[in-house]
Amino acid sequence: MAVNAKKNTHLLLSAQQSRDLDAAAIKSGVSGNSLMETAGHAVADVITDYIGTPLEAGGTVIILCGPGNNGGDGFVVARHLDEWGYPVSLRCSVLPSKLKGDAKTAASKWRGAVEPMSSSGFEDAAVIVDCLFGTGINKPIEGELADIINAANRSEAFILAVDMPSGLCTDTGRPLGVCIEAGATVTFNFKKPGHAIVPGRYLCGGNSNIHTVDIGVPDKILSTVTSSESENLPTLWGSDFPFSGPQTHKYGRGHMLVLGGKEPTLGASRLASLAGLRVGAGLVTLAAPSETYPVQASALMDIMVRRFDSAFGFIGIVNDPRIKAVLVGPGAGRGEKTVELVKQVGGKNKALVLDADALASLVGRSDIITELKSPEVVLTPHEGEFSKLFPDLPYSEDRVAAVRAAAKRTNTVVVLKGVSTIVACPDGRACIATNAPSWLSVGGTGDVLSGLICGLITQGMPSFEAASAGVWLHGEAGLVAGRGLIASDLLDVIPRVLP
């Protein structure tokens with residue numbers, strides 16, 4: 001199996017971009033038939049990795065072929081598996097004589113029977129191979145094919161989808177209706193957004209079961225591929241990550257300021273402050289109101305704690321020219337005082353990260369965010385906060401489009417936290433996280449994330465890249481910490497996942 005070794009493996013291509021890439025390869029002199037042959041052979045290889053030898057497989061390989069090129073791939077898969085000794089049942093939704101182009105050529109090379117589409121025998125199948133529609137579908141599957149998909153999903157057979165589970169929207173990761181629930185997916189050249197966004201990622205089999213293979217597109221074409229949408233991987237932001245050199249000193253690594261919290265959420269600002277320090281900020285100051293200053297000062301050894309008694313006093317701390325970035329939100333308290341602090345900090349030449357209480361205080365007042373003068377602003381809402389800040393943006397229909405729209409509207413980098421955390425910036429770039437474990441959903445982990453992002457911006461990392469890196473590090477730390485983690489566990493793990 002030829003696995004992609006491109007530097008731009010983080011790119012996610014839309015259905016149209018994928019078609020354009022194939023067209024560019026064919027225009028360069030690679031035949032469509034060659035691409036299909038290579039794709040089918042790669043899929044067959046992956047299938048054997050899952051089911052073992054013909055004796056080990058313990059059942060029939062049922063291949064469901066549709067009317068287009070995805071179906072053509074299925075004929076190639078069937079031919080190779082048959083040659084390797086596997087019992088194959090090939091079923092096609094149309095007569096082979098009705099196929100066109102490369103799919104028709106692939107069908108002509110198949111010497112076995114072509115059975116009508118049905119769900120018979122699913123109970124005896126070792127694997128069901130979904131070659132019905134791939135990335136080419138844009139409407140719900142109905143009628144007999146819908147019944148067959150439902151029967152496949154109910155069966156105990158292992159299901160492998162080719163390119164994209166049939167019924168899943170390539171670009172949004174949302175089922176269009178009835179949808180194949182695959183245990184694994186093989187896709188070509190690059191992943192698509194639907195492979196990364198939940199629920200699409202789960203319907204494709206999950207991260208470790210989504211295989212991206214090269215199918216013979218020339219390197220000179222692959223190297224020119226661009227996309228505004230990416231999977232959140234170090235190849236996306238690694239070149240901007242701040243690495244300390246031998247002459248680096250603490251002031252060169254930047255000074256980060258966190259607005260201290262109020263009872264009962266004092267720990268939130270402490271978590272954020274320590275995360276900023278762990279990710280590499282040279283200095284971190286927590287500014288605490290007088291009533292909580294003694295608690296914060298006694299609880300923190302590695303963080304500097306400064307007292308303030310009013311908005312004027314906090315801005316006095318912000319005015320320190322060494323401070324590069326300010327985090328407002330974790331445990332800050334909701335209300336007009338927090339809004340006023342955001343407005344005043346936003347008038348300074350400091351990068352600004354807004355989280356938690358800061359965002360809650362700005363609900364219905366997104367114009368304030370748009371008017372901030374900070375050179376870089378990052379918002380880190382979870383889904384509930386996002387829906388209140390941007391009630392007209394239906395993120396449940398197309399999460400990436402909604403976050404992009406919010407970023408453009410507010411001229412900020414927006415991080416929509418969730419099982420598929422999305423980062424978007426005003427120029428249209430967006431990335432999707434695929435590495436966050438479910439056990440990160442515990443109080444305080446969001447404060448750690450905002451601290452990571454602010455700490456990276458403090459070191460000079462551009463805000464989109466810093467937010468993306470912070471989200472990835474957060475997910476990796478969660479994986480290493482394991483089930484049962486609490487937010488403070490992440491702080492000790494962060495050094496182990498730094499690139």
# chains A, B, ... in the order shown; residues from 1 in each chain; ligands from 1
$ residues_around --residues "region 390-395 of chain A" --least-positions-apart "6" --cutoff "9 Å" --atoms "only C-alpha atoms" --output "list in words"
Val363, Gly364, Ser366, Glu383, Ala401, Ala402, Val403, Ala405 and Ala406 of chain A
$ residues_around --residues "Phe133 (chain A)" --least-positions-apart "3" --cutoff "12 Å" --atoms "only C-alpha atoms" --output "PyMOL selection string"
chain A and resi 15+64-74+92-93+129-130+136-141+145+149+161-170+179-180
$ write_last_selection --atoms "N, CA and C atoms" --output "compact mmCIF listing (two decimals), in the first residue's frame"
# COMPACT_ATOMS: atom_id res chain seq x y z
N ALA A 15 -15.02 17.87 -2.47
CA ALA A 15 -15.36 16.95 -3.56
C ALA A 15 -14.94 17.52 -4.90
N LEU A 64 -20.27 -3.83 -3.27
CA LEU A 64 -21.45 -3.10 -3.77
C LEU A 64 -20.97 -1.97 -4.67
N CYS A 65 -21.27 -2.07 -5.97
CA CYS A 65 -20.80 -1.09 -6.94
C CYS A 65 -21.92 -0.18 -7.42
N GLY A 66 -21.63 1.11 -7.49
CA GLY A 66 -22.58 2.07 -7.99
C GLY A 66 -22.37 2.38 -9.46
N PRO A 67 -23.04 3.41 -9.97
CA PRO A 67 -23.05 3.68 -11.41
C PRO A 67 -21.89 4.52 -11.93
N GLY A 68 -21.01 5.00 -11.04
CA GLY A 68 -19.95 5.90 -11.48
C GLY A 68 -18.57 5.32 -11.26
N ASN A 69 -17.58 6.21 -11.15
CA ASN A 69 -16.20 5.77 -11.00
C ASN A 69 -15.96 5.04 -9.68
N ASN A 70 -16.72 5.36 -8.65
CA ASN A 70 -16.59 4.62 -7.39
C ASN A 70 -16.93 3.15 -7.63
N GLY A 71 -17.95 2.92 -8.44
CA GLY A 71 -18.29 1.55 -8.82
C GLY A 71 -17.19 0.91 -9.64
N GLY A 72 -16.56 1.71 -10.52
CA GLY A 72 -15.44 1.20 -11.30
C GLY A 72 -14.30 0.73 -10.42
N ASP A 73 -14.03 1.49 -9.36
CA ASP A 73 -13.01 1.06 -8.39
C ASP A 73 -13.36 -0.31 -7.84
N GLY A 74 -14.66 -0.52 -7.58
CA GLY A 74 -15.10 -1.79 -7.01
C GLY A 74 -14.81 -2.97 -7.92
N CYS A 92 -23.90 -4.88 -8.64
CA CYS A 92 -23.87 -3.55 -9.26
C CYS A 92 -25.29 -3.00 -9.37
N SER A 93 -25.42 -1.70 -9.10
CA SER A 93 -26.74 -1.08 -9.12
C SER A 93 -27.25 -0.81 -10.53
N VAL A 129 -17.80 -4.21 0.94
CA VAL A 129 -17.04 -3.09 0.39
C VAL A 129 -18.02 -2.12 -0.26
N ASP A 130 -18.06 -0.92 0.25
CA ASP A 130 -18.99 0.11 -0.23
C ASP A 130 -18.34 0.91 -1.35
N GLY A 136 -19.23 11.39 -4.68
CA GLY A 136 -20.05 11.98 -5.73
C GLY A 136 -21.49 12.25 -5.38
N ILE A 137 -21.90 12.00 -4.14
CA ILE A 137 -23.32 12.13 -3.80
C ILE A 137 -23.61 13.48 -3.15
N ASN A 138 -24.76 14.06 -3.49
CA ASN A 138 -25.15 15.34 -2.89
C ASN A 138 -26.62 15.38 -2.51
N LYS A 139 -27.25 14.20 -2.44
CA LYS A 139 -28.65 14.13 -2.03
C LYS A 139 -28.89 12.81 -1.30
N PRO A 140 -29.96 12.70 -0.54
CA PRO A 140 -30.22 11.48 0.22
C PRO A 140 -30.39 10.26 -0.68
N ILE A 141 -29.94 9.12 -0.19
CA ILE A 141 -30.13 7.85 -0.88
C ILE A 141 -31.49 7.30 -0.47
N LEU A 145 -31.66 1.06 -2.59
CA LEU A 145 -30.29 1.23 -2.12
C LEU A 145 -30.27 1.64 -0.65
N ILE A 149 -28.33 -0.39 2.28
CA ILE A 149 -27.39 0.24 3.22
C ILE A 149 -27.79 -0.06 4.66
N ALA A 161 -15.40 1.37 3.34
CA ALA A 161 -15.89 2.33 2.35
C ALA A 161 -14.75 2.78 1.46
N VAL A 162 -15.04 2.95 0.19
CA VAL A 162 -14.05 3.44 -0.76
C VAL A 162 -14.29 4.92 -1.02
N ASP A 163 -13.32 5.71 -0.67
CA ASP A 163 -13.28 7.18 -0.77
C ASP A 163 -14.11 7.87 0.31
N MET A 164 -15.41 7.55 0.39
CA MET A 164 -16.28 8.17 1.39
C MET A 164 -17.48 7.25 1.59
N PRO A 165 -17.90 7.00 2.81
CA PRO A 165 -19.10 6.17 3.00
C PRO A 165 -20.29 6.74 2.23
N SER A 166 -20.98 5.91 1.50
CA SER A 166 -22.10 6.37 0.69
C SER A 166 -23.19 6.96 1.58
N GLY A 167 -23.62 8.17 1.22
CA GLY A 167 -24.62 8.88 2.01
C GLY A 167 -24.04 9.95 2.89
N LEU A 168 -22.71 10.03 2.97
CA LEU A 168 -22.05 11.04 3.81
C LEU A 168 -21.61 12.22 2.95
N CYS A 169 -21.93 13.44 3.38
CA CYS A 169 -21.53 14.62 2.62
C CYS A 169 -20.02 14.81 2.74
N THR A 170 -19.35 14.84 1.62
CA THR A 170 -17.90 14.95 1.59
C THR A 170 -17.40 16.22 2.26
N CYS A 179 -26.91 6.34 5.62
CA CYS A 179 -25.47 6.43 5.37
C CYS A 179 -24.78 5.15 5.82
N ILE A 180 -23.82 4.72 5.03
CA ILE A 180 -22.98 3.58 5.40
C ILE A 180 -22.21 3.91 6.68
$ closest_residue --among "A:Ser361, A:Thr370, A:Thr412, A:Thr135" --to "Arg334 (chain A)" --atoms "only C-alpha atoms"
A:Ser361
$ atom_distance --atom1 "CA of Leu452 (chain A)" --atom2 "CA of Val423 (chain A)"
14.2 Å
$ atom_distance --atom1 "CA of Ala351 (chain A)" --atom2 "CA of Leu271 (chain A)"
19.5 Å
$ select_by_dssp --residues "region 49-287 of chain A" --states "helix (DSSP H, G or I)" --output "VMD selection string"
chain A and resid 49 to 51 54 to 57 69 to 83 96 to 98 101 to 108 122 to 124 134 to 136 143 to 154 193 to 196 200 to 203 207 to 209 219 to 222 234 to 240 266 to 278
$ residues_around --residues "Leu327 (chain A)" --least-positions-apart "2" --cutoff "12 Å" --atoms "only C-alpha atoms" --output "ChimeraX atom specification"
/A:255-261,268-273,275-276,284-287,318,323-325,329-332,338,341-342,345-346,350-359,376-380,447-458
$ residues_around --residues "region 486-495 of chain A" --least-positions-apart "4" --cutoff "8 Å" --atoms "only C-alpha atoms" --output "JSON list (two decimals) with N, CA, C and O atoms, in the first residue's frame"
[["chain", "number", "residue", "atom", "x", "y", "z"],
["A", 271, "LEU", "N", -5.00, 27.69, 36.11],
["A", 271, "LEU", "CA", -4.76, 26.69, 35.07],
["A", 271, "LEU", "C", -4.27, 27.35, 33.78],
["A", 271, "LEU", "O", -3.31, 26.89, 33.15],
["A", 274, "LEU", "N", -0.60, 28.69, 34.20],
["A", 274, "LEU", "CA", 0.40, 27.62, 34.21],
["A", 274, "LEU", "C", 0.54, 26.99, 32.83],
["A", 274, "LEU", "O", 1.65, 26.60, 32.42],
["A", 275, "ALA", "N", -0.56, 26.89, 32.07],
["A", 275, "ALA", "CA", -0.48, 26.35, 30.72],
["A", 275, "ALA", "C", 0.36, 27.26, 29.83],
["A", 275, "ALA", "O", 1.16, 26.78, 29.01],
["A", 278, "ARG", "N", 3.93, 26.56, 30.72],
["A", 278, "ARG", "CA", 4.36, 25.25, 30.25],
["A", 278, "ARG", "C", 4.64, 25.22, 28.75],
["A", 278, "ARG", "O", 5.53, 24.51, 28.28],
["A", 279, "VAL", "N", 3.88, 26.00, 27.98],
["A", 279, "VAL", "CA", 4.04, 25.96, 26.53],
["A", 279, "VAL", "C", 5.18, 26.86, 26.06],
["A", 279, "VAL", "O", 5.49, 26.89, 24.87],
["A", 440, "LEU", "N", -11.49, 14.62, 27.57],
["A", 440, "LEU", "CA", -11.14, 16.03, 27.78],
["A", 440, "LEU", "C", -12.35, 16.85, 28.22],
["A", 440, "LEU", "O", -12.20, 18.01, 28.63],
["A", 442, "VAL", "N", -14.10, 17.77, 30.63],
["A", 442, "VAL", "CA", -14.20, 17.92, 32.08],
["A", 442, "VAL", "C", -13.82, 19.36, 32.41],
["A", 442, "VAL", "O", -13.07, 20.00, 31.68],
["A", 443, "GLY", "N", -14.39, 19.88, 33.49],
["A", 443, "GLY", "CA", -14.19, 21.28, 33.84],
["A", 443, "GLY", "C", -12.73, 21.66, 33.95],
["A", 443, "GLY", "O", -11.92, 20.94, 34.54],
["A", 444, "GLY", "N", -12.38, 22.81, 33.39],
["A", 444, "GLY", "CA", -11.04, 23.35, 33.49],
["A", 444, "GLY", "C", -10.15, 23.11, 32.30],
["A", 444, "GLY", "O", -9.16, 23.81, 32.10],
["A", 445, "THR", "N", -10.49, 22.12, 31.46],
["A", 445, "THR", "CA", -9.63, 21.84, 30.32],
["A", 445, "THR", "C", -9.65, 22.97, 29.30],
["A", 445, "THR", "O", -8.65, 23.23, 28.63],
["A", 448, "VAL", "N", -7.10, 25.52, 30.29],
["A", 448, "VAL", "CA", -5.77, 25.11, 29.86],
["A", 448, "VAL", "C", -5.56, 25.44, 28.39],
["A", 448, "VAL", "O", -4.50, 25.96, 27.99],
["A", 473, "LEU", "N", -1.92, 20.43, 20.67],
["A", 473, "LEU", "CA", -1.20, 20.07, 21.90],
["A", 473, "LEU", "C", -2.18, 19.64, 23.00],
["A", 473, "LEU", "O", -1.91, 18.70, 23.75],
["A", 474, "HIS", "N", -3.29, 20.35, 23.09],
["A", 474, "HIS", "CA", -4.32, 20.05, 24.07],
["A", 474, "HIS", "C", -4.85, 18.63, 23.87],
["A", 474, "HIS", "O", -4.97, 17.84, 24.83],
["A", 477, "ALA", "N", -2.05, 16.06, 24.71],
["A", 477, "ALA", "CA", -1.88, 15.94, 26.16],
["A", 477, "ALA", "C", -3.00, 15.11, 26.78],
["A", 477, "ALA", "O", -2.77, 14.30, 27.69],
["A", 478, "GLY", "N", -4.21, 15.30, 26.27],
["A", 478, "GLY", "CA", -5.33, 14.50, 26.75],
["A", 478, "GLY", "C", -5.14, 13.03, 26.47],
["A", 478, "GLY", "O", -5.45, 12.17, 27.32],
["A", 480, "VAL", "N", -2.27, 11.44, 26.15],
["A", 480, "VAL", "CA", -1.20, 10.92, 27.01],
["A", 480, "VAL", "C", -1.66, 10.79, 28.45],
["A", 480, "VAL", "O", -1.37, 9.80, 29.13],
["A", 481, "ALA", "N", -2.42, 11.78, 28.93],
["A", 481, "ALA", "CA", -2.90, 11.74, 30.32],
["A", 481, "ALA", "C", -3.85, 10.58, 30.54],
["A", 481, "ALA", "O", -3.86, 9.97, 31.61]]
$ select_by_dssp --residues "region 359-478 of chain A" --states "strand (DSSP E or B)" --output "list of chain:residue names"
A:Val377, A:Val378, A:Leu379, A:His382, A:Val413, A:Val414, A:Val415, A:Leu416, A:Lys417, A:Ile422, A:Val423, A:Ala424, A:Ala430, A:Cys431, A:Ile432
$ residues_around --residues "Asp147 (chain A)" --least-positions-apart "2" --cutoff "12 Å" --atoms "only C-alpha atoms" --output "PyMOL selection string"
chain A and resi 117-120+141-145+149-154+177-180
$ write_last_selection --atoms "N, CA, C and O atoms" --output "mmCIF file, in the first residue's frame"
data_model
loop_
_atom_site.group_PDB
_atom_site.id
_atom_site.type_symbol
_atom_site.label_atom_id
_atom_site.label_comp_id
_atom_site.auth_asym_id
_atom_site.auth_seq_id
_atom_site.Cartn_x
_atom_site.Cartn_y
_atom_site.Cartn_z
ATOM 1 N N MET A 117 -28.155 -5.921 -7.467
ATOM 2 C CA MET A 117 -28.004 -5.361 -6.132
ATOM 3 C C MET A 117 -29.027 -5.981 -5.184
ATOM 4 O O MET A 117 -30.229 -5.999 -5.463
ATOM 5 N N SER A 118 -28.525 -6.505 -4.073
ATOM 6 C CA SER A 118 -29.411 -7.069 -3.057
ATOM 7 C C SER A 118 -28.641 -7.170 -1.747
ATOM 8 O O SER A 118 -27.415 -7.013 -1.712
ATOM 9 N N SER A 119 -29.371 -7.459 -0.677
ATOM 10 C CA SER A 119 -28.740 -7.612 0.632
ATOM 11 C C SER A 119 -28.644 -9.075 1.034
ATOM 12 O O SER A 119 -28.303 -9.377 2.181
ATOM 13 N N SER A 120 -28.908 -9.967 0.119
ATOM 14 C CA SER A 120 -28.836 -11.389 0.446
ATOM 15 C C SER A 120 -27.387 -11.788 0.707
ATOM 16 O O SER A 120 -26.461 -11.318 0.052
ATOM 17 N N ILE A 141 -29.936 9.124 -0.191
ATOM 18 C CA ILE A 141 -30.130 7.851 -0.883
ATOM 19 C C ILE A 141 -31.492 7.295 -0.471
ATOM 20 O O ILE A 141 -31.815 7.245 0.716
ATOM 21 N N GLU A 142 -32.275 6.879 -1.451
ATOM 22 C CA GLU A 142 -33.635 6.418 -1.168
ATOM 23 C C GLU A 142 -33.888 5.069 -1.828
ATOM 24 O O GLU A 142 -33.065 4.561 -2.581
ATOM 25 N N GLY A 143 -35.049 4.509 -1.539
ATOM 26 C CA GLY A 143 -35.499 3.299 -2.207
ATOM 27 C C GLY A 143 -34.697 2.067 -1.841
ATOM 28 O O GLY A 143 -34.256 1.883 -0.697
ATOM 29 N N GLU A 144 -34.477 1.197 -2.846
ATOM 30 C CA GLU A 144 -33.829 -0.090 -2.611
ATOM 31 C C GLU A 144 -32.414 0.073 -2.076
ATOM 32 O O GLU A 144 -31.989 -0.666 -1.176
ATOM 33 N N LEU A 145 -31.657 1.055 -2.595
ATOM 34 C CA LEU A 145 -30.288 1.233 -2.125
ATOM 35 C C LEU A 145 -30.266 1.639 -0.655
ATOM 36 O O LEU A 145 -29.373 1.226 0.095
ATOM 37 N N ILE A 149 -28.325 -0.392 2.284
ATOM 38 C CA ILE A 149 -27.386 0.239 3.219
ATOM 39 C C ILE A 149 -27.786 -0.058 4.657
ATOM 40 O O ILE A 149 -26.950 -0.391 5.505
ATOM 41 N N ASN A 150 -29.078 0.048 4.946
ATOM 42 C CA ASN A 150 -29.553 -0.261 6.297
ATOM 43 C C ASN A 150 -29.262 -1.714 6.665
ATOM 44 O O ASN A 150 -28.860 -2.020 7.796
ATOM 45 N N ALA A 151 -29.448 -2.606 5.694
ATOM 46 C CA ALA A 151 -29.176 -4.020 5.953
ATOM 47 C C ALA A 151 -27.685 -4.254 6.182
ATOM 48 O O ALA A 151 -27.294 -5.052 7.051
ATOM 49 N N ALA A 152 -26.850 -3.566 5.412
ATOM 50 C CA ALA A 152 -25.396 -3.694 5.600
ATOM 51 C C ALA A 152 -24.997 -3.222 6.994
ATOM 52 O O ALA A 152 -24.195 -3.867 7.686
ATOM 53 N N ASN A 153 -25.559 -2.108 7.415
ATOM 54 C CA ASN A 153 -25.233 -1.563 8.738
ATOM 55 C C ASN A 153 -25.685 -2.495 9.861
ATOM 56 O O ASN A 153 -25.047 -2.558 10.913
ATOM 57 N N ARG A 154 -26.787 -3.214 9.626
ATOM 58 C CA ARG A 154 -27.287 -4.139 10.654
ATOM 59 C C ARG A 154 -26.492 -5.440 10.700
ATOM 60 O O ARG A 154 -26.511 -6.149 11.697
ATOM 61 N N GLY A 177 -28.749 11.494 4.883
ATOM 62 C CA GLY A 177 -29.910 10.638 5.136
ATOM 63 C C GLY A 177 -29.357 9.299 5.562
ATOM 64 O O GLY A 177 -28.500 9.221 6.447
ATOM 65 N N VAL A 178 -29.810 8.222 4.934
ATOM 66 C CA VAL A 178 -29.238 6.902 5.182
ATOM 67 C C VAL A 178 -27.765 6.929 4.784
ATOM 68 O O VAL A 178 -27.402 7.480 3.739
ATOM 69 N N CYS A 179 -26.908 6.336 5.616
ATOM 70 C CA CYS A 179 -25.469 6.429 5.374
ATOM 71 C C CYS A 179 -24.777 5.147 5.819
ATOM 72 O O CYS A 179 -25.116 4.571 6.858
ATOM 73 N N ILE A 180 -23.818 4.721 5.030
ATOM 74 C CA ILE A 180 -22.976 3.581 5.402
ATOM 75 C C ILE A 180 -22.208 3.910 6.683
ATOM 76 O O ILE A 180 -21.661 5.005 6.833
#
$ residues_around --residues "Val295 (chain A)" --least-positions-apart "2" --cutoff "12 Å" --atoms "only C-alpha atoms" --output "PyMOL selection string"
chain A and resi 260-267+270+286+288-293+297-301+305-307
$ write_last_selection --atoms "N, CA, C and O atoms" --output "tab-separated table (two decimals), in the first residue's frame"
chain	number	residue	atom	x	y	z
A	260	GLY	N	-6.99	37.64	36.60
A	260	GLY	CA	-7.28	36.70	37.67
A	260	GLY	C	-8.76	36.52	37.92
A	260	GLY	O	-9.57	37.41	37.65
A	261	GLY	N	-9.12	35.37	38.47
A	261	GLY	CA	-10.52	35.03	38.65
A	261	GLY	C	-11.10	35.46	39.98
A	261	GLY	O	-10.42	35.99	40.86
A	262	LYS	N	-12.39	35.24	40.07
A	262	LYS	CA	-13.13	35.49	41.30
A	262	LYS	C	-13.67	34.17	41.81
A	262	LYS	O	-13.77	33.18	41.09
A	263	GLU	N	-14.02	34.15	43.09
A	263	GLU	CA	-14.63	32.94	43.64
A	263	GLU	C	-15.96	32.67	42.92
A	263	GLU	O	-16.67	33.60	42.55
A	264	PRO	N	-16.31	31.40	42.66
A	264	PRO	CA	-15.63	30.17	43.08
A	264	PRO	C	-14.76	29.56	42.00
A	264	PRO	O	-14.49	28.36	42.02
A	265	THR	N	-14.32	30.37	41.02
A	265	THR	CA	-13.58	29.81	39.89
A	265	THR	C	-12.15	30.32	39.87
A	265	THR	O	-11.60	30.62	38.80
A	266	LEU	N	-11.51	30.40	41.01
A	266	LEU	CA	-10.14	30.89	41.08
A	266	LEU	C	-9.17	29.99	40.32
A	266	LEU	O	-8.18	30.45	39.77
A	267	GLY	N	-9.48	28.71	40.31
A	267	GLY	CA	-8.58	27.77	39.65
A	267	GLY	C	-8.49	27.97	38.16
A	267	GLY	O	-7.47	27.61	37.54
A	270	ARG	N	-5.66	30.18	37.24
A	270	ARG	CA	-4.39	29.53	37.57
A	270	ARG	C	-4.02	28.49	36.52
A	270	ARG	O	-2.87	28.39	36.09
A	286	LEU	N	-0.31	36.82	36.69
A	286	LEU	CA	-1.74	36.75	36.95
A	286	LEU	C	-2.11	38.00	37.74
A	286	LEU	O	-1.55	38.25	38.81
A	288	ALA	N	-4.65	39.76	39.99
A	288	ALA	CA	-5.73	39.31	40.87
A	288	ALA	C	-6.39	40.49	41.57
A	288	ALA	O	-5.70	41.38	42.07
A	289	PRO	N	-7.71	40.51	41.65
A	289	PRO	CA	-8.39	41.51	42.46
A	289	PRO	C	-7.94	41.39	43.92
A	289	PRO	O	-7.56	40.31	44.38
A	290	SER	N	-8.00	42.48	44.63
A	290	SER	CA	-7.49	42.49	46.01
A	290	SER	C	-8.12	41.40	46.87
A	290	SER	O	-7.44	40.78	47.71
A	291	GLU	N	-9.43	41.14	46.67
A	291	GLU	CA	-10.09	40.17	47.54
A	291	GLU	C	-9.61	38.74	47.33
A	291	GLU	O	-9.76	37.89	48.22
A	292	THR	N	-9.03	38.45	46.17
A	292	THR	CA	-8.53	37.09	45.94
A	292	THR	C	-7.01	37.04	45.84
A	292	THR	O	-6.44	35.95	45.69
A	293	TYR	N	-6.37	38.18	45.91
A	293	TYR	CA	-4.91	38.23	45.77
A	293	TYR	C	-4.20	37.29	46.76
A	293	TYR	O	-3.30	36.54	46.35
A	297	ALA	N	-1.77	34.43	45.30
A	297	ALA	CA	-0.34	34.59	45.54
A	297	ALA	C	0.24	33.41	46.31
A	297	ALA	O	1.36	32.97	46.05
A	298	SER	N	-0.53	32.87	47.24
A	298	SER	CA	-0.03	31.75	48.04
A	298	SER	C	-0.10	30.43	47.28
A	298	SER	O	0.63	29.48	47.60
A	299	ALA	N	-0.97	30.35	46.25
A	299	ALA	CA	-1.14	29.11	45.51
A	299	ALA	C	-0.15	28.94	44.37
A	299	ALA	O	0.04	27.83	43.87
A	300	LEU	N	0.48	30.03	43.96
A	300	LEU	CA	1.31	29.99	42.76
A	300	LEU	C	2.76	30.33	43.09
A	300	LEU	O	3.05	31.38	43.66
A	301	MET	N	3.67	29.44	42.71
A	301	MET	CA	5.09	29.71	42.92
A	301	MET	C	5.77	30.16	41.63
A	301	MET	O	6.72	30.94	41.67
A	305	VAL	N	2.19	37.19	40.64
A	305	VAL	CA	0.83	37.62	40.95
A	305	VAL	C	0.86	39.09	41.34
A	305	VAL	O	1.60	39.49	42.24
A	306	ARG	N	0.05	39.90	40.64
A	306	ARG	CA	-0.03	41.33	40.94
A	306	ARG	C	-1.46	41.69	41.33
A	306	ARG	O	-2.42	41.16	40.76
A	307	ARG	N	-1.55	42.61	42.27
A	307	ARG	CA	-2.84	43.02	42.80
A	307	ARG	C	-3.37	44.22	42.00
A	307	ARG	O	-2.62	45.10	41.57
